[in-house]
$ cat upload-v9.txt   # compact mmCIF, C-alpha atoms and all ligand atoms
# COMPACT_ATOMS: atom_id res chain seq x y z
CA MET A 1 118.08 -3.26 -65.77
CA GLU A 2 118.86 0.26 -66.86
CA GLN A 3 118.92 2.45 -63.77
CA HIS A 4 116.25 5.04 -64.14
CA ILE A 5 115.68 7.68 -61.50
CA SER A 6 113.23 10.50 -62.01
CA ASP A 7 114.62 13.97 -62.72
CA ARG A 8 112.66 15.08 -59.68
CA VAL A 9 114.66 12.90 -57.31
CA GLN A 10 117.92 13.18 -59.19
CA SER A 11 117.92 16.93 -58.78
CA LEU A 12 117.27 16.70 -55.02
CA ALA A 13 120.18 17.22 -52.65
CA ALA A 14 120.46 14.61 -49.90
CA SER A 15 119.77 15.95 -46.41
CA ALA A 16 123.18 17.14 -45.19
CA THR A 17 122.16 17.08 -41.54
CA LEU A 18 121.10 13.46 -41.74
CA ALA A 19 124.11 12.53 -43.93
CA MET A 20 126.60 14.02 -41.46
CA SER A 21 124.89 12.31 -38.57
CA GLN A 22 125.02 9.00 -40.43
CA LYS A 23 128.72 9.50 -41.15
CA SER A 24 129.42 10.20 -37.52
CA ALA A 25 127.44 7.09 -36.48
CA GLU A 26 129.50 5.00 -38.92
CA LEU A 27 132.77 6.30 -37.49
CA LYS A 28 131.48 5.62 -33.99
CA ALA A 29 130.63 2.03 -35.00
CA GLN A 30 134.27 1.67 -36.14
CA GLY A 31 135.34 2.60 -32.63
CA VAL A 32 136.24 6.26 -33.27
CA ASP A 33 135.28 8.55 -30.40
CA VAL A 34 133.23 11.04 -32.43
CA ILE A 35 131.36 13.88 -30.76
CA ASN A 36 128.25 14.48 -32.81
CA LEU A 37 127.27 18.14 -33.03
CA SER A 38 125.67 17.60 -36.42
CA VAL A 39 122.07 16.51 -36.14
CA GLY A 40 119.69 18.76 -34.27
CA GLU A 41 117.70 16.72 -31.81
CA PRO A 42 117.25 16.91 -28.05
CA ASP A 43 119.47 14.40 -26.28
CA PHE A 44 116.87 13.79 -23.56
CA PRO A 45 114.64 10.71 -23.52
CA THR A 46 110.93 11.32 -24.04
CA PRO A 47 109.31 12.20 -20.67
CA ALA A 48 107.86 9.23 -18.76
CA HIS A 49 104.19 10.27 -18.79
CA ILE A 50 104.28 10.49 -22.59
CA LYS A 51 105.83 7.04 -22.92
CA GLU A 52 103.19 5.67 -20.56
CA ALA A 53 100.42 7.08 -22.77
CA ALA A 54 101.92 5.24 -25.74
CA LYS A 55 102.02 1.96 -23.85
CA LYS A 56 98.43 2.45 -22.80
CA ALA A 57 97.46 3.18 -26.41
CA ILE A 58 98.74 -0.24 -27.42
CA ASP A 59 96.90 -1.95 -24.57
CA ASP A 60 93.73 -0.03 -25.44
CA ASN A 61 93.99 -1.28 -29.02
CA PHE A 62 94.73 1.98 -30.74
CA THR A 63 96.19 -0.17 -33.47
CA PHE A 64 93.96 0.53 -36.47
CA TYR A 65 94.31 3.00 -39.31
CA THR A 66 93.89 6.53 -38.02
CA PRO A 67 91.86 9.31 -39.63
CA VAL A 68 94.01 10.90 -42.36
CA PRO A 69 94.34 14.30 -40.61
CA GLY A 70 94.84 12.72 -37.17
CA TYR A 71 92.59 11.72 -34.27
CA MET A 72 90.01 14.38 -33.48
CA SER A 73 91.08 14.29 -29.82
CA LEU A 74 94.64 15.16 -30.80
CA ARG A 75 93.56 17.92 -33.18
CA LYS A 76 91.36 19.36 -30.43
CA ALA A 77 94.31 19.29 -28.03
CA ILE A 78 96.45 21.10 -30.61
CA ALA A 79 93.73 23.70 -31.24
CA GLU A 80 93.52 24.31 -27.48
CA LYS A 81 97.29 24.62 -27.25
CA LEU A 82 97.31 27.14 -30.11
CA LEU A 83 94.65 29.22 -28.40
CA LYS A 84 96.17 29.06 -24.94
CA GLU A 85 99.86 29.39 -25.74
CA ASN A 86 99.85 31.28 -29.01
CA ASN A 87 96.65 33.29 -29.05
CA VAL A 88 95.76 31.63 -32.36
CA SER A 89 92.18 30.54 -32.93
CA VAL A 90 91.73 27.62 -35.33
CA ALA A 91 89.15 24.84 -35.61
CA PRO A 92 90.40 21.23 -35.37
CA GLU A 93 89.36 20.86 -39.04
CA GLN A 94 92.11 23.31 -39.96
CA ILE A 95 94.77 21.04 -38.49
CA VAL A 96 96.40 18.15 -40.33
CA VAL A 97 98.75 15.94 -38.33
CA GLY A 98 101.51 14.26 -40.31
CA ASN A 99 104.71 12.31 -39.91
CA GLY A 100 106.67 15.09 -38.29
CA ALA A 101 106.78 18.78 -39.05
CA LYS A 102 108.86 17.73 -42.04
CA GLN A 103 105.91 16.07 -43.72
CA ALA A 104 103.59 18.87 -42.63
CA LEU A 105 105.84 21.40 -44.37
CA CYS A 106 106.21 19.32 -47.51
CA ASN A 107 102.46 18.69 -47.62
CA VAL A 108 101.70 22.40 -47.55
CA ILE A 109 104.32 23.25 -50.16
CA LEU A 110 103.07 20.51 -52.50
CA ALA A 111 99.47 21.57 -51.95
CA ALA A 112 100.05 25.29 -52.47
CA ILE A 113 102.89 25.75 -54.95
CA ASN A 114 102.60 25.51 -58.70
CA PRO A 115 105.58 25.32 -61.05
CA GLY A 116 107.15 28.76 -61.23
CA ASP A 117 105.52 30.14 -58.09
CA GLU A 118 108.04 32.08 -56.03
CA VAL A 119 108.75 31.14 -52.44
CA ILE A 120 110.75 33.61 -50.37
CA ILE A 121 113.10 31.93 -47.91
CA PRO A 122 115.31 33.97 -45.59
CA THR A 123 118.74 32.35 -45.41
CA PRO A 124 120.53 30.72 -43.67
CA ALA A 125 117.60 28.28 -43.81
CA TRP A 126 117.00 24.74 -42.69
CA VAL A 127 118.24 22.17 -45.23
CA SER A 128 114.89 20.82 -46.38
CA TYR A 129 112.99 24.00 -47.31
CA VAL A 130 114.73 24.59 -50.61
CA GLU A 131 114.53 20.95 -51.63
CA MET A 132 110.82 20.77 -50.83
CA VAL A 133 110.16 23.82 -53.00
CA LYS A 134 112.20 22.19 -55.76
CA LEU A 135 110.01 19.08 -55.48
CA ALA A 136 107.00 21.29 -56.13
CA GLU A 137 108.87 22.96 -59.03
CA GLY A 138 108.56 26.30 -57.32
CA LYS A 139 111.20 28.99 -57.54
CA VAL A 140 113.21 29.72 -54.41
CA VAL A 141 113.97 33.37 -53.72
CA GLU A 142 116.69 33.55 -51.08
CA LEU A 143 116.89 36.51 -48.74
CA PRO A 144 120.31 36.40 -47.10
CA ALA A 145 120.97 37.77 -43.61
CA GLY A 146 124.44 37.27 -42.15
CA ILE A 147 125.87 37.20 -38.64
CA GLU A 148 126.32 41.01 -38.72
CA ASN A 149 122.50 41.27 -38.78
CA ASP A 150 122.06 38.51 -36.20
CA PHE A 151 120.75 36.48 -39.15
CA LYS A 152 117.50 38.45 -39.42
CA ILE A 153 116.02 39.95 -42.57
CA THR A 154 114.70 43.53 -42.63
CA PRO A 155 111.24 44.65 -43.74
CA GLY A 156 112.88 46.52 -46.64
CA GLN A 157 114.58 43.34 -47.82
CA LEU A 158 111.28 41.48 -47.71
CA GLU A 159 109.40 44.19 -49.58
CA GLY A 160 112.14 44.26 -52.24
CA ALA A 161 111.86 40.52 -52.88
CA ILE A 162 108.10 40.41 -53.42
CA THR A 163 106.88 40.16 -57.01
CA PRO A 164 103.47 39.39 -58.51
CA ASN A 165 104.62 35.73 -58.62
CA THR A 166 105.34 35.50 -54.90
CA ARG A 167 103.10 32.81 -53.49
CA MET A 168 104.67 32.07 -50.12
CA VAL A 169 107.08 33.38 -47.51
CA LEU A 170 108.64 30.82 -45.22
CA LEU A 171 109.81 32.09 -41.86
CA CYS A 172 111.44 29.96 -39.17
CA THR A 173 111.74 31.52 -35.73
CA PRO A 174 113.52 30.52 -33.52
CA SER A 175 115.69 29.57 -36.44
CA ASN A 176 117.40 26.42 -37.47
CA PRO A 177 120.36 26.79 -38.24
CA THR A 178 121.16 30.13 -36.57
CA GLY A 179 119.21 30.25 -33.32
CA ALA A 180 117.97 33.72 -34.26
CA VAL A 181 114.61 34.74 -32.82
CA TYR A 182 112.53 37.61 -34.17
CA THR A 183 111.11 39.82 -31.41
CA PRO A 184 107.37 40.58 -31.54
CA GLU A 185 108.26 44.10 -32.76
CA GLU A 186 110.46 42.75 -35.55
CA LEU A 187 107.70 40.36 -36.57
CA GLN A 188 105.19 43.21 -36.57
CA ALA A 189 107.40 45.14 -39.00
CA LEU A 190 107.51 42.12 -41.36
CA VAL A 191 103.75 41.62 -40.95
CA ASN A 192 103.19 45.26 -41.98
CA VAL A 193 104.87 44.43 -45.30
CA LEU A 194 102.98 41.16 -45.75
CA ALA A 195 99.66 42.87 -44.98
CA ARG A 196 100.10 44.85 -48.21
CA HIS A 197 100.36 41.66 -50.31
CA PRO A 198 97.23 39.57 -49.77
CA GLN A 199 98.21 36.90 -52.33
CA ILE A 200 101.04 35.63 -50.12
CA LEU A 201 100.74 32.64 -47.83
CA VAL A 202 102.88 32.97 -44.74
CA MET A 203 104.38 29.71 -43.56
CA ALA A 204 105.57 29.99 -39.97
CA ASP A 205 107.80 27.15 -38.81
CA GLU A 206 107.50 27.48 -35.03
CA ILE A 207 108.90 24.09 -34.05
CA TYR A 208 111.51 25.68 -31.75
CA GLU A 209 109.04 28.03 -30.04
CA HIS A 210 109.67 26.62 -26.57
CA ILE A 211 113.44 26.68 -26.90
CA ASN A 212 113.72 30.40 -26.38
CA TYR A 213 116.04 32.36 -24.08
CA GLY A 214 114.89 35.91 -24.64
CA ALA A 215 111.68 37.89 -24.67
CA PRO A 216 108.44 35.90 -24.96
CA ILE A 217 107.73 34.66 -28.44
CA ARG A 218 104.80 35.74 -30.54
CA SER A 219 103.28 33.40 -33.12
CA LEU A 220 102.85 34.76 -36.64
CA GLY A 221 99.33 33.34 -36.52
CA SER A 222 98.40 35.85 -33.82
CA PHE A 223 98.73 38.93 -36.05
CA PRO A 224 95.18 39.76 -37.14
CA GLU A 225 96.36 41.51 -40.33
CA ILE A 226 97.49 38.18 -41.85
CA ALA A 227 95.88 35.53 -39.62
CA ASP A 228 93.66 34.16 -42.40
CA ARG A 229 96.67 33.20 -44.54
CA VAL A 230 99.20 32.03 -42.00
CA VAL A 231 100.12 28.36 -41.93
CA ILE A 232 101.63 27.33 -38.62
CA ILE A 233 104.01 24.40 -38.61
CA ASN A 234 104.84 22.76 -35.33
CA GLY A 235 105.19 19.36 -33.69
CA VAL A 236 106.37 17.42 -30.69
CA SER A 237 109.92 16.58 -31.83
CA LYS A 238 111.82 19.41 -30.20
CA ALA A 239 109.68 20.63 -27.28
CA TYR A 240 108.99 17.14 -25.91
CA ALA A 241 112.12 15.30 -27.08
CA MET A 242 110.08 13.12 -29.45
CA THR A 243 112.03 13.18 -32.72
CA GLY A 244 111.60 9.46 -33.36
CA TRP A 245 107.84 9.42 -32.84
CA ARG A 246 107.21 11.42 -36.01
CA VAL A 247 104.31 13.70 -35.13
CA GLY A 248 103.99 17.22 -36.49
CA TYR A 249 101.19 19.31 -37.89
CA CYS A 250 100.10 22.22 -40.00
CA ALA A 251 97.36 24.60 -38.89
CA ALA A 252 96.18 26.21 -42.10
CA PRO A 253 93.26 28.04 -43.68
CA LEU A 254 90.47 25.47 -44.12
CA TRP A 255 90.72 25.37 -47.93
CA LEU A 256 94.40 24.53 -47.69
CA ALA A 257 93.95 22.03 -44.84
CA LYS A 258 91.45 20.19 -47.06
CA ALA A 259 93.95 20.04 -49.92
CA VAL A 260 96.67 18.80 -47.57
CA ASN A 261 94.27 16.16 -46.26
CA LYS A 262 93.61 14.95 -49.81
CA LEU A 263 97.32 14.77 -50.57
CA GLN A 264 98.18 12.95 -47.34
CA GLY A 265 95.32 10.50 -47.94
CA GLN A 266 96.99 9.32 -51.14
CA TYR A 267 100.48 9.46 -49.86
CA THR A 268 100.98 8.23 -46.29
CA SER A 269 97.54 8.11 -44.59
CA GLY A 270 97.24 9.26 -40.99
CA CYS A 271 100.34 8.96 -38.85
CA SER A 272 100.99 6.25 -36.26
CA SER A 273 98.12 5.66 -33.83
CA ILE A 274 100.48 5.09 -30.92
CA ALA A 275 102.58 8.16 -31.63
CA GLN A 276 99.44 10.28 -31.89
CA LYS A 277 98.26 9.14 -28.46
CA ALA A 278 101.70 9.97 -27.07
CA ALA A 279 101.53 13.43 -28.67
CA GLU A 280 98.11 13.99 -27.15
CA ALA A 281 99.57 13.25 -23.72
CA ALA A 282 102.39 15.68 -24.45
CA TYR A 283 99.96 18.50 -25.23
CA THR A 284 97.48 17.80 -22.43
CA GLY A 285 99.88 16.75 -19.64
CA SER A 286 102.20 18.74 -17.41
CA GLN A 287 104.42 21.18 -19.31
CA GLU A 288 107.15 21.13 -16.65
CA CYS A 289 109.37 18.87 -18.76
CA VAL A 290 109.45 21.48 -21.54
CA GLU A 291 110.75 24.15 -19.18
CA GLU A 292 113.29 21.78 -17.63
CA MET A 293 114.77 20.98 -21.02
CA ARG A 294 114.68 24.65 -22.06
CA ARG A 295 116.73 25.55 -18.99
CA ALA A 296 119.31 22.89 -19.84
CA PHE A 297 119.57 24.21 -23.40
CA GLU A 298 120.02 27.76 -22.13
CA ARG A 299 122.87 26.71 -19.85
CA ARG A 300 124.50 24.89 -22.76
CA ARG A 301 123.99 27.92 -25.00
CA ASP A 302 125.95 30.03 -22.49
CA LEU A 303 128.66 27.40 -22.31
CA VAL A 304 129.09 26.91 -26.05
CA VAL A 305 129.11 30.67 -26.75
CA GLU A 306 131.70 31.25 -24.04
CA LEU A 307 133.99 28.49 -25.32
CA ALA A 308 133.52 29.12 -29.05
CA SER A 309 134.17 32.83 -28.79
CA LYS A 310 137.63 32.07 -27.39
CA ILE A 311 138.61 30.04 -30.47
CA PRO A 312 140.52 32.12 -33.03
CA GLY A 313 138.90 31.99 -36.45
CA LEU A 314 135.33 31.41 -35.25
CA LYS A 315 133.12 34.48 -35.33
CA VAL A 316 130.10 33.86 -33.13
CA ASN A 317 127.01 35.73 -31.96
CA LYS A 318 124.78 34.90 -29.02
CA PRO A 319 121.76 33.03 -30.33
CA THR A 320 118.55 33.54 -28.36
CA GLY A 321 116.73 30.34 -29.31
CA ALA A 322 116.85 26.77 -30.67
CA PHE A 323 120.02 24.75 -29.95
CA TYR A 324 122.37 25.79 -32.70
CA LEU A 325 125.46 27.96 -32.95
CA PHE A 326 126.32 29.18 -36.45
CA PRO A 327 129.88 30.52 -36.44
CA GLU A 328 131.25 32.38 -39.41
CA VAL A 329 134.53 30.75 -40.46
CA SER A 330 135.75 32.77 -43.45
CA ALA A 331 138.92 33.81 -41.55
CA LEU A 332 139.96 30.14 -41.69
CA LEU A 333 139.38 29.60 -45.38
CA GLY A 334 142.51 29.41 -47.49
CA LYS A 335 144.52 27.99 -44.57
CA LYS A 336 146.37 24.71 -44.90
CA PHE A 337 146.73 21.44 -43.05
CA GLY A 338 150.00 20.03 -44.42
CA ASP A 339 149.58 20.63 -48.12
CA LYS A 340 145.80 20.35 -48.03
CA VAL A 341 143.97 23.64 -48.45
CA ILE A 342 140.79 24.30 -46.50
CA ALA A 343 139.06 26.20 -49.28
CA THR A 344 135.42 26.03 -48.19
CA SER A 345 133.31 25.63 -45.06
CA GLY A 346 132.59 22.12 -46.38
CA ASP A 347 136.33 21.35 -46.32
CA LEU A 348 136.43 22.71 -42.78
CA ALA A 349 133.54 20.54 -41.59
CA LEU A 350 135.27 17.51 -43.09
CA TYR A 351 138.59 18.50 -41.52
CA LEU A 352 136.91 18.82 -38.11
CA LEU A 353 135.34 15.40 -38.52
CA GLU A 354 138.55 13.70 -39.62
CA GLN A 355 141.08 15.49 -37.42
CA ALA A 356 139.06 16.55 -34.36
CA HIS A 357 136.44 13.82 -34.54
CA VAL A 358 133.72 16.41 -34.12
CA ALA A 359 130.78 16.24 -36.51
CA THR A 360 129.35 19.61 -37.58
CA VAL A 361 127.39 20.65 -40.68
CA ASP A 362 128.67 22.79 -43.55
CA GLY A 363 126.80 26.11 -43.74
CA ALA A 364 126.43 25.59 -47.49
CA ALA A 365 123.72 23.03 -46.69
CA PHE A 366 121.74 25.93 -45.24
CA CYS A 367 122.41 28.23 -48.22
CA ALA A 368 125.16 29.92 -46.22
CA PRO A 369 128.66 28.88 -47.28
CA GLY A 370 131.35 30.36 -45.03
CA TYR A 371 129.64 29.15 -41.87
CA ILE A 372 129.36 25.87 -39.99
CA ARG A 373 126.53 24.71 -37.74
CA LEU A 374 127.09 23.24 -34.29
CA SER A 375 124.17 21.62 -32.49
CA TYR A 376 124.66 21.96 -28.75
CA ALA A 377 121.82 19.59 -27.85
CA THR A 378 124.32 17.39 -26.08
CA SER A 379 125.86 17.12 -22.61
CA ASP A 380 127.95 19.91 -21.07
CA GLU A 381 130.84 17.46 -21.01
CA ASN A 382 130.54 16.78 -24.74
CA ILE A 383 130.34 20.50 -25.46
CA CYS A 384 133.54 21.13 -23.48
CA ARG A 385 135.40 18.24 -25.10
CA ALA A 386 134.22 19.21 -28.58
CA MET A 387 135.24 22.84 -28.25
CA GLU A 388 138.64 21.84 -26.91
CA ARG A 389 139.15 19.53 -29.88
CA ILE A 390 137.97 22.12 -32.38
CA GLY A 391 140.29 24.73 -30.88
CA ALA A 392 143.26 22.34 -31.03
CA ALA A 393 142.51 21.28 -34.62
CA LEU A 394 142.10 24.83 -35.85
CA ALA A 395 145.38 25.84 -34.19
CA LYS A 396 147.15 23.30 -36.41
CA LEU A 397 146.12 25.16 -39.57
CA SER A 398 148.71 27.43 -41.11
N1 LIG B 1 111.57 22.46 -39.14
C1 LIG B 1 112.77 22.72 -38.62
C2 LIG B 1 113.26 24.11 -38.63
C3 LIG B 1 113.54 21.69 -38.08
O1 LIG B 1 114.73 21.95 -37.56
C4 LIG B 1 113.04 20.38 -38.09
C5 LIG B 1 113.89 19.28 -37.49
N2 LIG B 1 114.33 18.38 -38.41
C6 LIG B 1 111.79 20.16 -38.66
C7 LIG B 1 111.08 21.21 -39.17
C8 LIG B 1 111.18 18.81 -38.76
O2 LIG B 1 110.95 18.24 -37.54
P1 LIG B 1 110.15 16.88 -37.38
O3 LIG B 1 109.90 16.35 -38.75
O4 LIG B 1 111.02 16.02 -36.56
O5 LIG B 1 108.89 17.26 -36.66
N1 LIG B 2 116.12 19.40 -37.54
C1 LIG B 2 117.24 18.51 -37.38
C2 LIG B 2 118.46 19.12 -38.00
O1 LIG B 2 118.39 20.13 -38.65
C3 LIG B 2 116.94 17.12 -37.78
C4 LIG B 2 117.53 16.55 -39.03
C5 LIG B 2 116.71 16.87 -40.24
O2 LIG B 2 115.60 16.40 -40.32
O3 LIG B 2 117.24 17.62 -41.05
O4 LIG B 2 119.52 18.61 -37.80
$ encode --input "upload-v9.txt" --output "structure tokens"
Amino acid sequence: MEQHISDRVQSLAASATLAMSQKSAELKAQGVDVINLSVGEPDFPTPAHIKEAAKKAIDDNFTFYTPVPGYMSLRKAIAEKLLKENNVSVAPEQIVVGNGAKQALCNVILAAINPGDEVIIPTPAWVSYVEMVKLAEGKVVELPAGIENDFKITPGQLEGAITPNTRMVLLCTPSNPTGAVYTPEELQALVNVLARHPQILVMADEIYEHINYGAPIRSLGSFPEIADRVVIINGVSKAYAMTGWRVGYCAAPLWLAKAVNKLQGQYTSGCSSIAQKAAEAAYTGSQECVEEMRRAFERRRDLVVELASKIPGLKVNKPTGAFYLFPEVSALLGKKFGDKVIATSGDLALYLLEQAHVATVDGAAFCAPGYIRLSYATSDENICRAMERIGAALAKLS
């Protein structure tokens, strides 16, 4: 039959993080020794007590459809976590659990954005934000902040981007792809701007909150000036090494949570019963595992920064959160390998994959051409081998 794909899907970009990871898995299957620094996911297995809770859930027959917004016991556990860890007070009814923070984000965008509504996104930004806004036919307003600003926008920049059509600001801290973390003071300065614009929803993607190496983090939901219009996005993927379980949530104003609930009820229903029980154990059990993994990521951060800053052509900063390094590579662009020109950061990422067998992600996927992203959520040994290979491959460019 005639192939007919909707304009909506045709105009979507494929997820570059997932595509690069897939490519590296394919090469690995062919026997190539690829080091995968592309996808961002903890390399640790899910902690044992969480896996036990999932097994028990099966034995206890948690095998039926779940309530669309998630089990009440899980939403209560999340509300308690938000109060205790983040100083954010929400009722369980304001929480909708979905298939990962990814679905939670997309739910909120689809529920809140009309065609033409403007959504301000500081860039570099995680691959899926822009595409989700496109799905909702919203208009993305990018606010660029480069390595010279430690990848953080200023209050003046934010104020300058706001128009009467601004419906949402999407802030991710600690950031994917840069590892930048806004201090409580920096957040306060942005909040002061947002407080003057009561029509704006503030979406706070806090999924990396526990992977933080600097001053304690403050949740955007804890600022009283804007608390009634903050949507917190979070989940178990990163803090508890549970990417495959697919549990994330939004904590939103009640009117918006109800709309999200309606949307999810027609779209996917409640997320997996077993995964929800595992997530509940993650939130209510010992938090020692979170700190153990955080310490490992911090050690790897130090290692990758030390090694990468010795490689000519890579300009790096010292990220204070998440598990990404986002080197600027413009000094390498225009160089040649044989007669092949490395014209873009995309060419460079491909060159590194083919010649160094190290998978990275082109910064262009994060609205930041001229950079590449390295995920250091891998062993110290892999980090050392990868940086050695990258250094050797870049030295071959002329
Ligand atoms: N937000 C950010 C910034 C992320 O890096 C990710 C990881 N893919 C997500 C949301 C989604 O995470 P998940 O769907 O696994 O909960
Ligand atoms: N957050 C991860 C990344 O950025 C997971 C992949 C994805 O969902 O994009 O690599």
$ residues_around --input "upload-v9.txt" --residues "segment 106-111 of chain A" --least-positions-apart "3" --cutoff "6 Å" --atoms "only C-alpha atoms" --output "PyMOL selection string"
chain A and resi 103+132+136+260
$ write_last_selection --input "upload-v9.txt" --atoms "C-alpha atoms" --output "tab-separated table (two decimals), keeping the file's coordinate frame"
chain	number	residue	atom	x	y	z
A	103	GLN	CA	105.91	16.07	-43.72
A	132	MET	CA	110.82	20.77	-50.83
A	136	ALA	CA	107.00	21.29	-56.13
A	260	VAL	CA	96.67	18.80	-47.57
$ atom_distance --input "upload-v9.txt" --atom1 "atom CA of Ala393 of chain A" --atom2 "atom CA of Arg300 of chain A"
21.9 Å
$ residues_near_ligand --input "upload-v9.txt" --ligand "ligand LIG 2 (chain B)" --cutoff "8 Å" --atoms "all atoms listed in the file" --output "ChimeraX atom specification"
/A:15-18,38-41,102,126-128,176-177,375
$ write_last_selection --input "upload-v9.txt" --atoms "C-alpha atoms" --output "JSON list (two decimals), in the frame of the given file"
[["chain", "number", "residue", "atom", "x", "y", "z"],
["A", 15, "SER", "CA", 119.77, 15.95, -46.41],
["A", 16, "ALA", "CA", 123.18, 17.14, -45.19],
["A", 17, "THR", "CA", 122.16, 17.08, -41.54],
["A", 18, "LEU", "CA", 121.10, 13.46, -41.74],
["A", 38, "SER", "CA", 125.67, 17.60, -36.42],
["A", 39, "VAL", "CA", 122.07, 16.51, -36.14],
["A", 40, "GLY", "CA", 119.69, 18.76, -34.27],
["A", 41, "GLU", "CA", 117.70, 16.72, -31.81],
["A", 102, "LYS", "CA", 108.86, 17.73, -42.04],
["A", 126, "TRP", "CA", 117.00, 24.74, -42.69],
["A", 127, "VAL", "CA", 118.24, 22.17, -45.23],
["A", 128, "SER", "CA", 114.89, 20.82, -46.38],
["A", 176, "ASN", "CA", 117.40, 26.42, -37.47],
["A", 177, "PRO", "CA", 120.36, 26.79, -38.24],
["A", 375, "SER", "CA", 124.17, 21.62, -32.49]]
$ residues_around --input "upload-v9.txt" --residues "Val202 of chain A" --least-positions-apart "6" --cutoff "10 Å" --atoms "only C-alpha atoms" --output "list in words"
Val119, Ile120, Arg167, Met168, Val169, Leu170, Leu171, Val191, Leu194, Leu220, Gly221, Ile226, Ala227, Asp228, Arg229, Val230, Val231, Ile232 and Ala252 of chain A
$ residues_near_ligand --input "upload-v9.txt" --ligand "ligand LIG 1 (chain B)" --cutoff "8 Å" --atoms "only C-alpha atoms and all ligand atoms" --output "mmCIF file with C-alpha atoms, in the frame of the given file"
data_model
loop_
_atom_site.group_PDB
_atom_site.id
_atom_site.type_symbol
_atom_site.label_atom_id
_atom_site.label_comp_id
_atom_site.auth_asym_id
_atom_site.auth_seq_id
_atom_site.Cartn_x
_atom_site.Cartn_y
_atom_site.Cartn_z
ATOM 1 C CA GLY A 40 119.690 18.760 -34.270
ATOM 2 C CA GLU A 41 117.700 16.720 -31.810
ATOM 3 C CA ASN A 99 104.710 12.310 -39.910
ATOM 4 C CA GLY A 100 106.670 15.090 -38.290
ATOM 5 C CA ALA A 101 106.780 18.780 -39.050
ATOM 6 C CA LYS A 102 108.860 17.730 -42.040
ATOM 7 C CA GLN A 103 105.910 16.070 -43.720
ATOM 8 C CA ALA A 104 103.590 18.870 -42.630
ATOM 9 C CA LEU A 105 105.840 21.400 -44.370
ATOM 10 C CA ALA A 125 117.600 28.280 -43.810
ATOM 11 C CA TRP A 126 117.000 24.740 -42.690
ATOM 12 C CA CYS A 172 111.440 29.960 -39.170
ATOM 13 C CA SER A 175 115.690 29.570 -36.440
ATOM 14 C CA ASN A 176 117.400 26.420 -37.470
ATOM 15 C CA PRO A 177 120.360 26.790 -38.240
ATOM 16 C CA ASP A 205 107.800 27.150 -38.810
ATOM 17 C CA GLU A 206 107.500 27.480 -35.030
ATOM 18 C CA ILE A 207 108.900 24.090 -34.050
ATOM 19 C CA TYR A 208 111.510 25.680 -31.750
ATOM 20 C CA ILE A 233 104.010 24.400 -38.610
ATOM 21 C CA ASN A 234 104.840 22.760 -35.330
ATOM 22 C CA GLY A 235 105.190 19.360 -33.690
ATOM 23 C CA VAL A 236 106.370 17.420 -30.690
ATOM 24 C CA SER A 237 109.920 16.580 -31.830
ATOM 25 C CA LYS A 238 111.820 19.410 -30.200
ATOM 26 C CA MET A 242 110.080 13.120 -29.450
ATOM 27 C CA THR A 243 112.030 13.180 -32.720
ATOM 28 C CA GLY A 244 111.600 9.460 -33.360
ATOM 29 C CA ARG A 246 107.210 11.420 -36.010
ATOM 30 C CA VAL A 247 104.310 13.700 -35.130
ATOM 31 C CA GLY A 248 103.990 17.220 -36.490
#
$ residues_around --input "upload-v9.txt" --residues "Val329 of chain A" --least-positions-apart "3" --cutoff "12 Å" --atoms "only C-alpha atoms" --output "ChimeraX atom specification"
/A:147,308-309,311-316,326,332-335,342-349,362-364,368-373,394
$ residues_near_point --input "upload-v9.txt" --point "(116.0, 30.0, -31.8)" --cutoff "10 Å" --atoms "only C-alpha atoms" --output "list in words"
Cys172, Thr173, Pro174, Ser175, Asn176, Pro177, Thr178, Gly179, Ala180, Val181, Tyr182, Glu206, Ile207, Tyr208, Glu209, His210, Ile211, Asn212, Tyr213, Gly214, Pro319, Thr320, Gly321, Ala322, Phe323, Tyr324 and Leu325 of chain A
